[in-house]
Amino acid sequence: GLGALAARRLAAAGWEVVAADLDADGLGATAHRSPNTRVRVCDVADAEAVDAVVAEAGPVHRVVHAAAVGPMATALEQPLADVERVLRTDFLGTVNVVRAALPGMLERGGGELVLFSSLASLLPVPKTSAYAAAKAAVNAYAEAVAAEHAGSGVVIRVVCPRQVDTPGFRAAASADPAATGRMRGIPPGVVLDAVDRSLARPAHDLYVLPDPLTRAVARARRWAPGATARLVGRVTAAR
């Protein structure tokens with residue numbers, strides 16, 4: 001999805017890229033015909049594995065952290081093991097990546113940490129309780145880290161897109177169209193274009209809302225939470 005496309009774009013622009021994922025076959029496809037891309041199988045929930053990838057990579061200028069899982073189920077029906085897996089991958093995975101990459105950036109006085117959250121962190125919808133909670137934790141963690149290292153030269157961005165047209169989203173939309181609001185996902189390229197533009201903004205401008213609908217929903221959630229919740233309830237109602 002987003003991580004694979006980000007890796008291919010950076011490699012095409014001449015960057016030396018290290019692509020990390022649990023999916024060895026997917027990594028192979030990402031690095032196909034890209035001599036400046038190295039691949040490493042890595043679970044972001046494993047802090048030691050993440051440390052090893054970053055140490056082997058050498059000085060890192062930009063991290064694009066898009067690893068996430070989000071099985072959909074109601075809060076009381078979702079197995080606790082699934083909740084724990086979401087929190088380990090989506091939140092603790094982010095913590096592990098930041099703790100591995102940020103110290104070197106601080107030593108060099110610069111770098112870019114692009115952390116993917118979700119609009120669900122700002123507007124939880126039915127069947128996303130664990131995912132939305134994990135992504136909200138990412139937001140809070142990133143805000144604290146950004147405040148602790150303001151003026152360091154390291155730029156942090158938290159990307160909060162609505163649904164993105166990735167294999168994971170398409171599978172979820174096919175399995176439960178109502179839960180995804182029967183909406184089409186944003187093209188991944190649109191999201192990454194917004195990230196690239198955001199890196200030119202002031203360092204304290206933390207959040208990236210990549211398309212007009214995402215920005216409109218975020219504003220509505222802030223200024224008219226009741227009406228927004230009722231609208232989401234109607235859109236996601238099974239029918």
# chains A, B, ... in the order shown; residues from 1 in each chain; ligands from 1
call {"tool": "residues_around", "arguments": {"residues": "Asp21 (chain A)", "least_positions_apart": "2", "cutoff": "12 Å", "atoms": "only C-alpha atoms", "output": "mmCIF file with C-alpha atoms, in the first residue's frame"}}
result
data_model
loop_
_atom_site.group_PDB
_atom_site.id
_atom_site.type_symbol
_atom_site.label_atom_id
_atom_site.label_comp_id
_atom_site.auth_asym_id
_atom_site.auth_seq_id
_atom_site.Cartn_x
_atom_site.Cartn_y
_atom_site.Cartn_z
ATOM 1 C CA GLY A 1 0.000 0.000 0.000
ATOM 2 C CA LEU A 2 1.288 3.412 1.024
ATOM 3 C CA GLY A 3 4.639 2.148 2.263
ATOM 4 C CA ALA A 4 5.376 0.287 -0.951
ATOM 5 C CA ALA A 7 9.547 3.298 -1.263
ATOM 6 C CA VAL A 18 15.518 0.358 2.875
ATOM 7 C CA ALA A 19 12.030 -1.155 2.631
ATOM 8 C CA ASP A 23 5.666 -9.725 3.579
ATOM 9 C CA ALA A 24 8.788 -10.989 1.831
ATOM 10 C CA ASP A 25 7.012 -11.429 -1.512
ATOM 11 C CA GLY A 26 5.606 -7.920 -1.335
ATOM 12 C CA LEU A 27 9.054 -6.558 -0.570
ATOM 13 C CA GLY A 28 10.411 -8.325 -3.615
ATOM 14 C CA ALA A 29 7.777 -6.700 -5.794
ATOM 15 C CA THR A 30 8.471 -3.285 -4.255
ATOM 16 C CA ALA A 31 12.193 -3.519 -4.979
ATOM 17 C CA ARG A 38 17.323 -2.932 -0.069
ATOM 18 C CA VAL A 39 14.644 -5.019 1.620
ATOM 19 C CA ARG A 40 14.429 -6.406 5.122
ATOM 20 C CA VAL A 41 11.720 -8.603 6.635
ATOM 21 C CA CYS A 42 10.813 -6.953 9.927
ATOM 22 C CA ASP A 43 7.910 -6.846 12.364
ATOM 23 C CA VAL A 44 7.576 -3.300 13.693
ATOM 24 C CA ALA A 45 6.135 -4.719 16.912
ATOM 25 C CA ASP A 46 9.585 -6.245 17.610
ATOM 26 C CA ALA A 49 14.219 -6.116 14.943
ATOM 27 C CA VAL A 50 13.448 -2.464 14.204
ATOM 28 C CA VAL A 53 17.145 -2.549 10.546
ATOM 29 C CA HIS A 65 6.138 4.525 8.735
ATOM 30 C CA ALA A 66 2.908 3.124 7.323
ATOM 31 C CA ALA A 67 2.717 -0.338 8.917
ATOM 32 C CA ALA A 68 -0.714 -1.009 10.408
ATOM 33 C CA THR A 89 1.515 -3.045 15.557
ATOM 34 C CA GLY A 93 5.217 -0.241 16.248
#
call {"tool": "select_by_dssp", "arguments": {"residues": "region 58-235 of chain A", "states": "alpha helix (DSSP H)", "output": "ChimeraX atom specification"}}
result
/A:80-86,93-108,129-148,167-175,188-198,212-223,225-235
call {"tool": "residues_around", "arguments": {"residues": "Ala101 (chain A)", "least_positions_apart": "6", "cutoff": "10 Å", "atoms": "only C-alpha atoms", "output": "ChimeraX atom specification"}}
result
/A:50-51,53-55,58-63,111-113
call {"tool": "select_by_dssp", "arguments": {"residues": "region 138-208 of chain A", "states": "strand (DSSP E)", "output": "PyMOL selection string"}}
result
chain A and resi 154-159+207-208
call {"tool": "closest_residue", "arguments": {"among": "A:Ile186, A:Val98, A:Leu92, A:Val154", "to": "Thr166 (chain A)", "atoms": "only C-alpha atoms"}}
result
A:Ile186
call {"tool": "closest_residue", "arguments": {"among": "A:Ala137, A:Thr74, A:Ala52, A:Ala120", "to": "Asp90 (chain A)", "atoms": "only C-alpha atoms"}}
result
A:Ala137
call {"tool": "residues_around", "arguments": {"residues": "Pro124 (chain A)", "least_positions_apart": "5", "cutoff": "10 Å", "atoms": "only C-alpha atoms", "output": "PyMOL selection string"}}
result
chain A and resi 118-119+129-133+135-136+229+232
call {"tool": "residues_around", "arguments": {"residues": "Pro188 (chain A)", "least_positions_apart": "4", "cutoff": "7 Å", "atoms": "only C-alpha atoms", "output": "list of chain:residue names"}}
result
A:Leu2, A:Val164, A:Asp165, A:Leu192
call {"tool": "residues_around", "arguments": {"residues": "region 138-148 of chain A", "least_positions_apart": "2", "cutoff": "9 Å", "atoms": "only C-alpha atoms", "output": "PyMOL selection string"}}
result
chain A and resi 90-92+94-95+115-117+121+133-136+150+154-158+203-204+206-207
